[in-house]
Protein chains: 2
Amino acid sequence: MSAPAPIQRVEIELGERSYSILIGQGLLSDPQSYDGLPAATSALIVTNTAVGPLYAEALRARLVSRHASVNVLELPDGERHKDWATLNLIFDALLGRASDRKCVLYALGGGVVGDMTGFAAACYMRGVPFVQVPTTLLAQVDSSVGGKTAINHPLGKNMIGAFYQPQRVLCDLDTLRTLPPRELSAGLAEVIKYGPIHDMAFLDWIESNLPALMGRDPAALAYAVRRSCEIKAMVVGQDERESGLRAILNFGHTFGHAIESGLGYGEWLHGEAVGCGMVMAARLSQRLGGVDAAFVDRLTRLVEAAGLPVSAPALGTQRYLDLMRVDKKSEAGEIRFVLIEAPGRAVMRPAPDALVREVLAESCS
Amino acid sequence: MSAPAPIQRVEIELGERSYSILIGQGLLSDPQSYDGLPAATSALIVTNTAVGPLYAEALRARLVSRHASVNVLELPDGERHKDWATLNLIFDALLGRASDRKCVLYALGGGVVGDMTGFAAACYMRGVPFVQVPTTLLAQVDSSVGGKTAINHPLGKNMIGAFYQPQRVLCDLDTLRTLPPRELSAGLAEVIKYGPIHDMAFLDWIESNLPALMGRDPAALAYAVRRSCEIKAMVVGQDERESGLRAILNFGHTFGHAIESGLGYGEWLHGEAVGCGMVMAARLSQRLGGVDAAFVDRLTRLVEAAGLPVSAPALGTQRYLDLMRVDKKSEAGEIRFVLIEAPGRAVMRPAPDALVREVLAESCS
């Protein structure tokens, strides 16, 4: 074992809602990770049945010195449970213990746990503080950062939610050791995303370091998480509520959400759908002149090498179009895509239906 | 009929979340009431089965010149329906029509409709604009102003919600003509409230004008609504998220919420519970030296003259204490009350259990 990488810090600058992302090994059990966080009487760790048995006790043991009462709630695991019924388990747990509005929630898990815990924190008594402790690569590089919280509705993904910022994000790289390979790949999709939309040098780095990342080398993971968070922090700092720029973070997500929703949540992992969706969005970008065939090939190869699908499920063209029309980026029935207008630069815009149909025909297996 | 009172305007100053309250007759069908509001493609009027048949068509007819698509959703009427299942009807209606995040919601009804529509607007796609069109006195003087939105949980009232400001509040005094007498009285409770906590001259005015208010004199109602909104605007402008001062608006609400929750939501109207709760809070204030017996008697007589209960239901002392401990103002299991420290001045503080028990013994029938 090499020595642990030094702890890195990325700041999200949002005025009075600013907070830090800490990235490193051993963070979860390091008391310094929690310095300056609210030390209320009661805390609730929200996790799931997969992550809880691995890390909840370590987190609980660390928190009992900060909170008189620390309880753990294990939610069922998986995107299909990201709904109101599961969210309500959090409210039941809080109200069952008469938790007051100073209580602190800790989201210990992946994107689903983080999104639901964050939304519960946003709504419980109209807002209580919460801390993100992401244990998947996807959550560390994307979903735990920036304050987007939500649950799904049968008619659309993340349709019900809030912009609500955590007090801190603790990315403990050690928790990635137990991540199933399929979830590691899903996280890499969101890492790769930052290249085409903002930083082609980072895309070069990812290509060169993909074997190290897939081998879970801590130094490689530390850099990938830090650079991803830096780019996300820059974007979110400029556009917290997604009135413009922030939408570029959804590269690959319009097609991706349609895949997830069309197959039923949880059939493909979110990152898998985004991986395939990026290839489709690149193909659409090429048709609009933003990138060339070599760029599309390069991205396709990288997505595939990261263990992600590059062929979309055959849901039928009309079904894809219907699903994409309820995407949150749509306006007045017009589907809007995040497209690459030049390598490293993204823009949100509508695209002619005919071109979208071509991409669907080319991409569906 | 006398000529309509001139339209009055109260501003809520909250930086980029500032908005106007318009107060007057005929507002609902006056196109100027809507000047400057978002004119998106689609609008949804959320109302209930009592108010919808009276006013939804007039509002819809006015809005069709602003929005290409205007739909009406009637929720079941009553506090007992202020829950997730009913809230979800709003999401179903929005998603069923693929409403985008520019859509505008109009809350046409009383406090329950306003709280639920506001919370739906806060959560739908993480936030869409909404307009309050309160049709009860209680909603016009209190619940539609200030951005508190919520639904109830079986274990507590308004436990799940958001601070989310409307784009505008339209208080059309004409809609108060059809208000059932019991609801008019309930609204007067929240009008009376502003006296003891902030403005004893207003309390004098209410005493002198109670017959005119109960007779629905438009000029009297216009002044009562305007002065109530002015005081609320001043308080909310200083403390939007209730970190301190704003709690004084909850005078009578700690006891009141316990009554509502203990009897089951909807048994007593919210304003009825607040009316009785104010008498109880005044008795507690007297025991702590803030006011004298004459003040308590005066407030009790006014509440009673307004058609409101002044005897609390016999839920049992321990049940009251348990219910009040889950109030949102509680901290670390300590119940906190809004008390009058001098006539016209309120403060939030805990009170000795022994005194609370005395008040419960004195107040329960």
# chains A, B, ... in the order shown; residues from 1 in each chain; ligands from 1
$ interface_residues --of "chain A" --to "chain B" --cutoff "7 Å" --atoms "only C-alpha atoms" --output "short mmCIF file (atom, residue, chain, number, x, y, z; two decimals) with N, CA and C atoms, in the first residue's frame"
data_model
loop_
_atom_site.label_atom_id
_atom_site.label_comp_id
_atom_site.auth_asym_id
_atom_site.auth_seq_id
_atom_site.Cartn_x
_atom_site.Cartn_y
_atom_site.Cartn_z
N THR A 41 -28.39 18.14 18.62
CA THR A 41 -28.67 17.02 19.51
C THR A 41 -28.82 15.73 18.73
N LEU A 95 -39.89 12.12 12.37
CA LEU A 95 -41.02 12.51 13.21
C LEU A 95 -41.25 11.48 14.32
N ALA A 98 -39.42 12.65 17.02
CA ALA A 98 -39.66 14.06 17.31
C ALA A 98 -38.41 14.90 17.03
N ASP A 100 -36.13 17.77 15.82
CA ASP A 100 -36.46 19.18 15.63
C ASP A 100 -35.74 19.74 14.41
N ARG A 101 -35.92 21.05 14.16
CA ARG A 101 -35.36 21.57 12.91
C ARG A 101 -33.89 21.92 13.00
N CYS A 123 -37.17 19.54 2.68
CA CYS A 123 -38.61 19.62 2.99
C CYS A 123 -38.94 19.46 4.46
N TYR A 124 -38.10 18.74 5.22
CA TYR A 124 -38.47 18.47 6.61
C TYR A 124 -38.47 19.78 7.39
N MET A 125 -39.62 20.12 7.92
CA MET A 125 -39.80 21.39 8.63
C MET A 125 -39.31 22.57 7.78
N ARG A 126 -39.47 22.44 6.48
CA ARG A 126 -39.06 23.45 5.48
C ARG A 126 -37.55 23.66 5.43
N GLY A 127 -36.78 22.66 5.87
CA GLY A 127 -35.34 22.74 5.67
C GLY A 127 -34.52 22.49 6.90
N LEU A 155 -44.17 9.40 -14.31
CA LEU A 155 -44.12 10.00 -15.64
C LEU A 155 -42.81 10.72 -15.93
N MET A 159 -38.51 14.56 -11.36
CA MET A 159 -39.49 15.60 -11.66
C MET A 159 -39.90 16.39 -10.41
N ILE A 160 -39.69 15.80 -9.23
CA ILE A 160 -40.14 16.44 -8.00
C ILE A 160 -38.92 16.60 -7.10
N GLY A 161 -38.54 17.85 -6.85
CA GLY A 161 -37.32 18.03 -6.08
C GLY A 161 -37.08 19.48 -5.71
N ALA A 162 -35.84 19.76 -5.33
CA ALA A 162 -35.49 21.10 -4.88
C ALA A 162 -34.02 21.36 -5.16
N PHE A 163 -33.67 22.63 -5.32
CA PHE A 163 -32.27 23.02 -5.23
C PHE A 163 -31.98 23.27 -3.76
N VAL A 326 -40.82 15.26 -22.19
CA VAL A 326 -41.09 15.62 -20.80
C VAL A 326 -39.81 15.87 -20.01
N LYS A 328 -36.89 17.89 -18.32
CA LYS A 328 -37.01 19.21 -17.70
C LYS A 328 -36.45 20.33 -18.57
N SER A 330 -36.97 20.66 -21.72
CA SER A 330 -37.91 20.98 -22.80
C SER A 330 -38.65 22.27 -22.50
N GLU A 331 -39.01 22.96 -23.56
CA GLU A 331 -39.84 24.15 -23.41
C GLU A 331 -40.86 24.18 -24.53
N ALA A 332 -42.12 24.36 -24.15
CA ALA A 332 -43.22 24.44 -25.13
C ALA A 332 -43.18 23.26 -26.09
#
$ calpha_fit_and_write --fixed "chain A" --moving "chain B" --output "short mmCIF file (atom, residue, chain, number, x, y, z; two decimals) with C-alpha atoms, in the first residue's frame"
data_model
loop_
_atom_site.label_atom_id
_atom_site.label_comp_id
_atom_site.auth_asym_id
_atom_site.auth_seq_id
_atom_site.Cartn_x
_atom_site.Cartn_y
_atom_site.Cartn_z
CA MET B 1 -0.06 -0.01 -0.18
CA SER B 2 1.20 3.46 -0.95
CA ALA B 3 0.73 6.24 1.61
CA PRO B 4 -2.72 7.83 1.55
CA ALA B 5 -3.05 10.75 -0.85
CA PRO B 6 -3.26 14.14 0.92
CA ILE B 7 -6.76 15.42 1.51
CA GLN B 8 -7.91 17.76 -1.22
CA ARG B 9 -10.54 20.46 -0.96
CA VAL B 10 -12.78 22.04 -3.59
CA GLU B 11 -14.94 25.02 -2.64
CA ILE B 12 -18.44 25.61 -3.95
CA GLU B 13 -18.92 29.38 -3.90
CA LEU B 14 -22.57 30.24 -3.41
CA GLY B 15 -22.55 33.13 -0.93
CA GLU B 16 -24.16 32.10 2.33
CA ARG B 17 -24.78 28.64 0.86
CA SER B 18 -21.06 28.00 0.15
CA TYR B 19 -19.52 24.71 1.26
CA SER B 20 -16.48 22.50 0.88
CA ILE B 21 -15.96 19.18 -0.86
CA LEU B 22 -13.28 17.12 0.88
CA ILE B 23 -11.61 14.37 -1.15
CA GLY B 24 -9.27 11.77 0.32
CA GLN B 25 -8.77 8.43 2.00
CA GLY B 26 -9.98 7.71 5.51
CA LEU B 27 -12.19 10.80 5.64
CA LEU B 28 -15.19 9.04 7.11
CA SER B 29 -13.47 8.19 10.38
CA ASP B 30 -11.28 11.30 10.58
CA PRO B 31 -12.77 13.72 13.15
CA GLN B 32 -11.35 16.70 11.26
CA SER B 33 -13.68 15.95 8.35
CA TYR B 34 -16.56 17.17 10.50
CA ASP B 35 -14.99 20.32 11.95
CA GLY B 36 -17.35 23.27 11.78
CA LEU B 37 -20.46 21.28 10.89
CA PRO B 38 -23.63 21.77 12.96
CA ALA B 39 -23.45 19.69 16.16
CA ALA B 40 -27.12 19.34 16.98
CA THR B 41 -28.65 17.02 19.53
CA SER B 42 -29.83 14.54 16.97
CA ALA B 43 -28.53 13.14 13.70
CA LEU B 44 -29.97 10.64 11.26
CA ILE B 45 -27.75 8.64 8.92
CA VAL B 46 -29.74 7.72 5.82
CA THR B 47 -28.22 4.89 3.82
CA ASN B 48 -29.38 1.80 1.96
CA THR B 49 -29.31 -1.95 2.45
CA ALA B 50 -26.15 -2.32 0.32
CA VAL B 51 -24.01 0.47 1.79
CA GLY B 52 -25.34 0.48 5.35
CA PRO B 53 -23.77 -2.84 6.40
CA LEU B 54 -20.40 -1.67 5.05
CA TYR B 55 -20.03 1.86 6.41
CA ALA B 56 -22.93 2.98 8.62
CA GLU B 57 -21.36 1.73 11.84
CA ALA B 58 -18.07 3.53 11.16
CA LEU B 59 -19.94 6.77 10.49
CA ARG B 60 -22.21 6.30 13.50
CA ALA B 61 -19.21 5.63 15.76
CA ARG B 62 -17.61 8.85 14.55
CA LEU B 63 -20.77 10.93 14.97
CA VAL B 64 -21.71 9.92 18.51
CA SER B 65 -19.09 12.32 19.81
CA ARG B 66 -20.90 15.15 17.97
CA HIS B 67 -24.58 14.31 18.45
CA ALA B 68 -26.30 12.94 21.56
CA SER B 69 -28.59 10.82 19.43
CA VAL B 70 -27.42 9.17 16.19
CA ASN B 71 -29.77 6.83 14.36
CA VAL B 72 -29.41 4.89 11.13
CA LEU B 73 -32.14 4.40 8.53
CA GLU B 74 -31.57 1.86 5.76
CA LEU B 75 -33.64 2.47 2.63
CA PRO B 76 -34.21 -0.20 0.00
CA ASP B 77 -31.48 -0.07 -2.63
CA GLY B 78 -31.96 1.11 -6.19
CA GLU B 79 -33.33 3.79 -8.49
CA ARG B 80 -36.74 2.12 -8.58
CA HIS B 81 -37.15 3.07 -4.91
CA LYS B 82 -36.44 6.75 -5.50
CA ASP B 83 -40.08 7.62 -4.93
CA TRP B 84 -42.39 9.25 -2.45
CA ALA B 85 -43.04 6.05 -0.47
CA THR B 86 -39.34 5.63 0.26
CA LEU B 87 -38.84 9.34 0.92
CA ASN B 88 -41.60 9.13 3.47
CA LEU B 89 -39.60 6.55 5.43
CA ILE B 90 -37.16 9.37 6.20
CA PHE B 91 -39.95 11.64 7.44
CA ASP B 92 -41.39 8.78 9.50
CA ALA B 93 -37.99 8.18 11.10
CA LEU B 94 -37.53 11.88 11.89
CA LEU B 95 -41.02 12.48 13.23
CA GLY B 96 -41.10 9.17 15.08
CA ARG B 97 -38.21 10.51 17.16
CA ALA B 98 -39.65 14.04 17.33
CA SER B 99 -36.52 15.36 15.57
CA ASP B 100 -36.46 19.15 15.65
CA ARG B 101 -35.38 21.53 12.93
CA LYS B 102 -31.81 21.63 14.16
CA CYS B 103 -31.34 17.91 13.44
CA VAL B 104 -28.70 16.97 10.85
CA LEU B 105 -29.13 14.36 8.11
CA TYR B 106 -26.17 12.42 6.68
CA ALA B 107 -26.61 10.89 3.23
CA LEU B 108 -24.38 7.80 3.16
CA GLY B 109 -24.56 6.10 -0.22
CA GLY B 110 -24.85 6.74 -3.92
CA GLY B 111 -26.88 9.14 -5.98
CA VAL B 112 -30.26 7.75 -5.02
CA VAL B 113 -29.58 8.03 -1.29
CA GLY B 114 -28.08 11.50 -1.77
CA ASP B 115 -30.97 12.79 -3.88
CA MET B 116 -33.59 11.47 -1.49
CA THR B 117 -31.84 12.52 1.70
CA GLY B 118 -31.20 15.97 0.26
CA PHE B 119 -34.83 16.37 -0.76
CA ALA B 120 -35.98 15.14 2.66
CA ALA B 121 -33.64 17.69 4.29
CA ALA B 122 -35.02 20.42 2.01
CA CYS B 123 -38.62 19.62 3.01
CA TYR B 124 -38.47 18.45 6.62
CA MET B 125 -39.82 21.37 8.66
CA ARG B 126 -39.07 23.44 5.52
CA GLY B 127 -35.36 22.76 5.68
CA VAL B 128 -32.80 21.12 7.98
CA PRO B 129 -29.02 20.84 7.41
CA PHE B 130 -27.54 17.80 5.70
CA VAL B 131 -24.13 16.39 4.80
CA GLN B 132 -23.33 14.33 1.73
CA VAL B 133 -21.14 11.26 2.28
CA PRO B 134 -21.11 9.79 -1.24
CA THR B 135 -19.86 6.20 -1.51
CA THR B 136 -20.07 5.75 -5.29
CA LEU B 137 -17.88 7.32 -7.93
CA LEU B 138 -20.94 8.74 -9.65
CA ALA B 139 -22.11 10.47 -6.49
CA GLN B 140 -18.60 11.75 -5.68
CA VAL B 141 -18.05 13.36 -9.07
CA ASP B 142 -21.57 14.50 -9.81
CA SER B 143 -24.76 13.95 -7.89
CA SER B 144 -23.62 14.85 -4.36
CA VAL B 145 -22.27 18.22 -5.51
CA GLY B 146 -24.38 21.22 -6.46
CA GLY B 147 -27.60 20.84 -4.52
CA LYS B 148 -29.89 19.13 -6.99
CA THR B 149 -32.21 16.87 -5.03
CA ALA B 150 -35.26 14.99 -6.26
CA ILE B 151 -37.42 11.92 -6.42
CA ASN B 152 -38.91 10.33 -9.51
CA HIS B 153 -42.52 10.38 -10.63
CA PRO B 154 -44.01 7.54 -12.70
CA LEU B 155 -44.13 9.99 -15.61
CA GLY B 156 -40.59 11.33 -15.35
CA LYS B 157 -37.22 11.15 -13.65
CA ASN B 158 -36.28 13.72 -10.99
CA MET B 159 -39.51 15.59 -11.63
CA ILE B 160 -40.16 16.44 -7.98
CA GLY B 161 -37.32 18.02 -6.07
CA ALA B 162 -35.51 21.10 -4.87
CA PHE B 163 -32.29 23.03 -5.22
CA TYR B 164 -30.92 22.57 -1.71
CA GLN B 165 -27.24 22.71 -0.85
CA PRO B 166 -25.51 20.40 1.64
CA GLN B 167 -23.30 21.72 4.46
CA ARG B 168 -20.36 19.67 3.17
CA VAL B 169 -19.48 16.80 0.85
CA LEU B 170 -17.13 14.10 2.15
CA CYS B 171 -15.69 12.00 -0.69
CA ASP B 172 -13.93 9.15 1.09
CA LEU B 173 -12.03 7.34 -1.68
CA ASP B 174 -11.73 4.23 0.49
CA THR B 175 -15.44 3.59 0.06
CA LEU B 176 -14.87 3.08 -3.67
CA ARG B 177 -13.01 -0.18 -2.93
CA THR B 178 -16.27 -2.02 -2.32
CA LEU B 179 -18.05 -0.53 -5.32
CA PRO B 180 -19.30 -3.19 -7.77
CA PRO B 181 -17.48 -2.95 -11.14
CA ARG B 182 -20.69 -2.04 -12.95
CA GLU B 183 -21.14 0.96 -10.66
CA LEU B 184 -17.53 2.02 -11.07
CA SER B 185 -18.11 2.13 -14.83
CA ALA B 186 -21.32 4.07 -14.33
CA GLY B 187 -19.39 6.66 -12.36
CA LEU B 188 -16.76 6.92 -15.09
CA ALA B 189 -19.49 8.06 -17.48
CA GLU B 190 -19.94 11.24 -15.45
CA VAL B 191 -16.16 11.71 -15.21
CA ILE B 192 -15.77 11.38 -18.99
CA LYS B 193 -18.60 13.89 -19.43
CA TYR B 194 -16.49 16.77 -18.12
CA GLY B 195 -14.06 16.39 -21.02
CA PRO B 196 -16.25 17.09 -24.05
CA ILE B 197 -18.19 19.87 -22.31
CA HIS B 198 -15.30 21.79 -20.78
CA ASP B 199 -11.80 20.34 -20.68
CA MET B 200 -10.29 18.31 -23.52
CA ALA B 201 -6.99 18.03 -21.64
CA PHE B 202 -8.91 16.18 -18.92
CA LEU B 203 -10.31 13.88 -21.60
CA ASP B 204 -6.73 13.14 -22.69
CA TRP B 205 -5.84 12.39 -19.07
CA ILE B 206 -8.82 10.05 -18.64
CA GLU B 207 -7.86 8.14 -21.79
CA SER B 208 -4.30 7.71 -20.53
CA ASN B 209 -5.35 6.77 -17.01
CA LEU B 210 -8.37 4.60 -17.70
CA PRO B 211 -6.59 1.38 -16.65
CA ALA B 212 -5.52 2.98 -13.36
CA LEU B 213 -9.06 4.29 -12.76
CA MET B 214 -10.62 0.91 -13.47
CA GLY B 215 -7.98 -0.65 -11.20
CA ARG B 216 -9.09 1.78 -8.46
CA ASP B 217 -5.70 3.39 -8.02
CA PRO B 218 -6.27 5.91 -5.21
CA ALA B 219 -4.11 8.63 -6.76
CA ALA B 220 -5.88 8.34 -10.12
CA LEU B 221 -9.29 8.33 -8.45
CA ALA B 222 -8.32 11.31 -6.31
CA TYR B 223 -7.41 13.35 -9.38
CA ALA B 224 -10.50 12.28 -11.34
CA VAL B 225 -12.80 13.19 -8.45
CA ARG B 226 -11.02 16.49 -7.77
CA ARG B 227 -10.97 17.68 -11.37
CA SER B 228 -14.60 16.65 -11.89
CA CYS B 229 -15.64 18.52 -8.75
CA GLU B 230 -13.62 21.59 -9.80
CA ILE B 231 -15.43 21.80 -13.11
CA LYS B 232 -18.79 21.19 -11.49
CA ALA B 233 -18.05 23.81 -8.81
CA MET B 234 -17.17 26.38 -11.47
CA VAL B 235 -20.40 25.73 -13.36
CA VAL B 236 -22.68 25.59 -10.30
CA GLY B 237 -21.07 28.72 -8.84
CA GLN B 238 -22.16 30.62 -11.93
CA ASP B 239 -25.64 29.14 -12.28
CA GLU B 240 -26.97 27.48 -9.13
CA ARG B 241 -30.55 27.05 -10.31
CA GLU B 242 -29.85 26.04 -13.90
CA SER B 243 -31.17 29.08 -15.70
CA GLY B 244 -28.50 28.62 -18.37
CA LEU B 245 -24.91 27.40 -18.22
CA ARG B 246 -25.54 24.63 -15.70
CA ALA B 247 -27.53 22.68 -18.27
CA ILE B 248 -24.25 21.69 -19.97
CA LEU B 249 -23.70 19.25 -17.10
CA ASN B 250 -26.59 17.30 -18.60
CA PHE B 251 -24.58 16.27 -21.67
CA GLY B 252 -25.85 12.82 -22.62
CA HIS B 253 -28.73 13.09 -20.17
CA THR B 254 -31.61 13.86 -22.55
CA PHE B 255 -31.11 10.58 -24.42
CA GLY B 256 -30.01 8.93 -21.17
CA HIS B 257 -33.14 9.85 -19.21
CA ALA B 258 -35.28 8.52 -22.05
CA ILE B 259 -33.44 5.20 -21.89
CA GLU B 260 -33.81 4.96 -18.12
CA SER B 261 -37.45 5.94 -18.16
CA GLY B 262 -38.32 3.83 -21.21
CA LEU B 263 -36.75 0.68 -19.80
CA GLY B 264 -38.08 1.33 -16.32
CA TYR B 265 -35.90 2.92 -13.64
CA GLY B 266 -33.09 0.66 -12.49
CA GLU B 267 -32.87 -1.55 -15.57
CA TRP B 268 -29.82 0.39 -16.72
CA LEU B 269 -27.81 2.31 -14.17
CA HIS B 270 -27.98 6.09 -14.57
CA GLY B 271 -24.32 6.25 -15.57
CA GLU B 272 -24.83 3.53 -18.17
CA ALA B 273 -27.66 5.48 -19.74
CA VAL B 274 -25.56 8.66 -19.65
CA GLY B 275 -22.61 6.86 -21.26
CA CYS B 276 -24.73 5.70 -24.17
CA GLY B 277 -26.53 9.06 -24.22
CA MET B 278 -23.22 10.90 -24.63
CA VAL B 279 -22.42 8.83 -27.70
CA MET B 280 -25.85 9.68 -29.11
CA ALA B 281 -25.47 13.38 -28.26
CA ALA B 282 -22.04 13.36 -29.92
CA ARG B 283 -23.59 11.88 -33.06
CA LEU B 284 -26.21 14.62 -33.02
CA SER B 285 -23.49 17.24 -32.48
CA GLN B 286 -21.61 15.86 -35.48
CA ARG B 287 -24.70 16.22 -37.67
CA LEU B 288 -24.92 19.85 -36.59
CA GLY B 289 -21.27 20.48 -37.38
CA GLY B 290 -19.89 20.86 -33.85
CA VAL B 291 -17.54 17.88 -33.94
CA ASP B 292 -16.16 15.52 -36.56
CA ALA B 293 -16.42 11.76 -36.99
CA ALA B 294 -13.04 11.24 -35.32
CA PHE B 295 -14.33 12.94 -32.16
CA VAL B 296 -17.41 10.73 -32.11
CA ASP B 297 -15.28 7.62 -32.63
CA ARG B 298 -12.88 8.64 -29.89
CA LEU B 299 -15.66 9.26 -27.38
CA THR B 300 -17.41 6.03 -28.36
CA ARG B 301 -14.22 4.02 -27.82
CA LEU B 302 -13.60 5.61 -24.43
CA VAL B 303 -17.16 5.00 -23.24
CA GLU B 304 -16.92 1.40 -24.37
CA ALA B 305 -13.49 0.92 -22.78
CA ALA B 306 -14.95 2.21 -19.52
CA GLY B 307 -17.33 -0.74 -19.57
CA LEU B 308 -20.39 1.20 -20.65
CA PRO B 309 -23.01 0.47 -23.34
CA VAL B 310 -22.79 2.36 -26.63
CA SER B 311 -25.88 0.83 -28.27
CA ALA B 312 -29.24 2.15 -27.16
CA PRO B 313 -32.22 -0.11 -26.45
CA ALA B 314 -34.79 -0.29 -29.25
CA LEU B 315 -37.67 1.54 -27.60
CA GLY B 316 -38.97 2.84 -30.91
CA THR B 317 -38.37 6.30 -32.32
CA GLN B 318 -41.72 7.79 -31.32
CA ARG B 319 -41.37 6.52 -27.76
CA TYR B 320 -37.95 8.18 -27.50
CA LEU B 321 -39.35 11.45 -28.77
CA ASP B 322 -42.30 11.31 -26.38
CA LEU B 323 -40.02 10.54 -23.43
CA MET B 324 -37.61 13.33 -24.30
CA ARG B 325 -40.40 15.86 -24.59
CA VAL B 326 -41.09 15.60 -20.82
CA ASP B 327 -37.41 16.21 -20.04
CA LYS B 328 -37.01 19.21 -17.72
CA LYS B 329 -34.99 21.06 -20.36
CA SER B 330 -37.90 20.98 -22.83
CA GLU B 331 -39.84 24.14 -23.43
CA ALA B 332 -43.22 24.43 -25.14
CA GLY B 333 -42.93 20.84 -26.36
CA GLU B 334 -39.56 21.44 -28.01
CA ILE B 335 -36.83 18.98 -26.98
CA ARG B 336 -33.55 20.68 -26.11
CA PHE B 337 -30.21 18.89 -26.16
CA VAL B 338 -26.81 19.61 -24.69
CA LEU B 339 -24.60 19.51 -27.77
CA ILE B 340 -20.88 19.91 -28.34
CA GLU B 341 -20.36 22.99 -30.49
CA ALA B 342 -16.59 22.46 -30.47
CA PRO B 343 -14.50 19.96 -28.51
CA GLY B 344 -14.49 21.20 -24.90
CA ARG B 345 -17.45 23.54 -25.37
CA ALA B 346 -21.13 22.66 -24.93
CA VAL B 347 -24.37 24.49 -25.60
CA MET B 348 -28.04 23.75 -25.02
CA ARG B 349 -30.27 23.99 -28.08
CA PRO B 350 -33.09 22.29 -29.92
CA ALA B 351 -32.31 20.01 -32.87
CA PRO B 352 -34.35 19.20 -35.97
CA ASP B 353 -36.52 16.11 -35.42
CA ALA B 354 -35.19 14.57 -38.63
CA LEU B 355 -31.62 14.58 -37.28
CA VAL B 356 -32.72 13.19 -33.93
CA ARG B 357 -34.49 10.37 -35.78
CA GLU B 358 -31.29 9.64 -37.72
CA VAL B 359 -29.30 9.41 -34.50
CA LEU B 360 -31.90 7.10 -32.96
CA ALA B 361 -31.83 4.88 -36.05
CA GLU B 362 -28.03 4.75 -35.95
CA SER B 363 -27.77 4.15 -32.20
CA CYS B 364 -30.48 1.63 -31.40
CA SER B 365 -29.49 -2.00 -31.43
#
$ select_by_dssp --residues "range 272-342 of chain B" --states "strand (DSSP E)" --output "PyMOL selection string"
chain B and resi 336-342
$ select_by_dssp --residues "range 189-345 of chain B" --states "alpha helix (DSSP H)" --output "PyMOL selection string"
chain B and resi 189-198+200-214+218-238+253-263+270-287+293-305+317-325
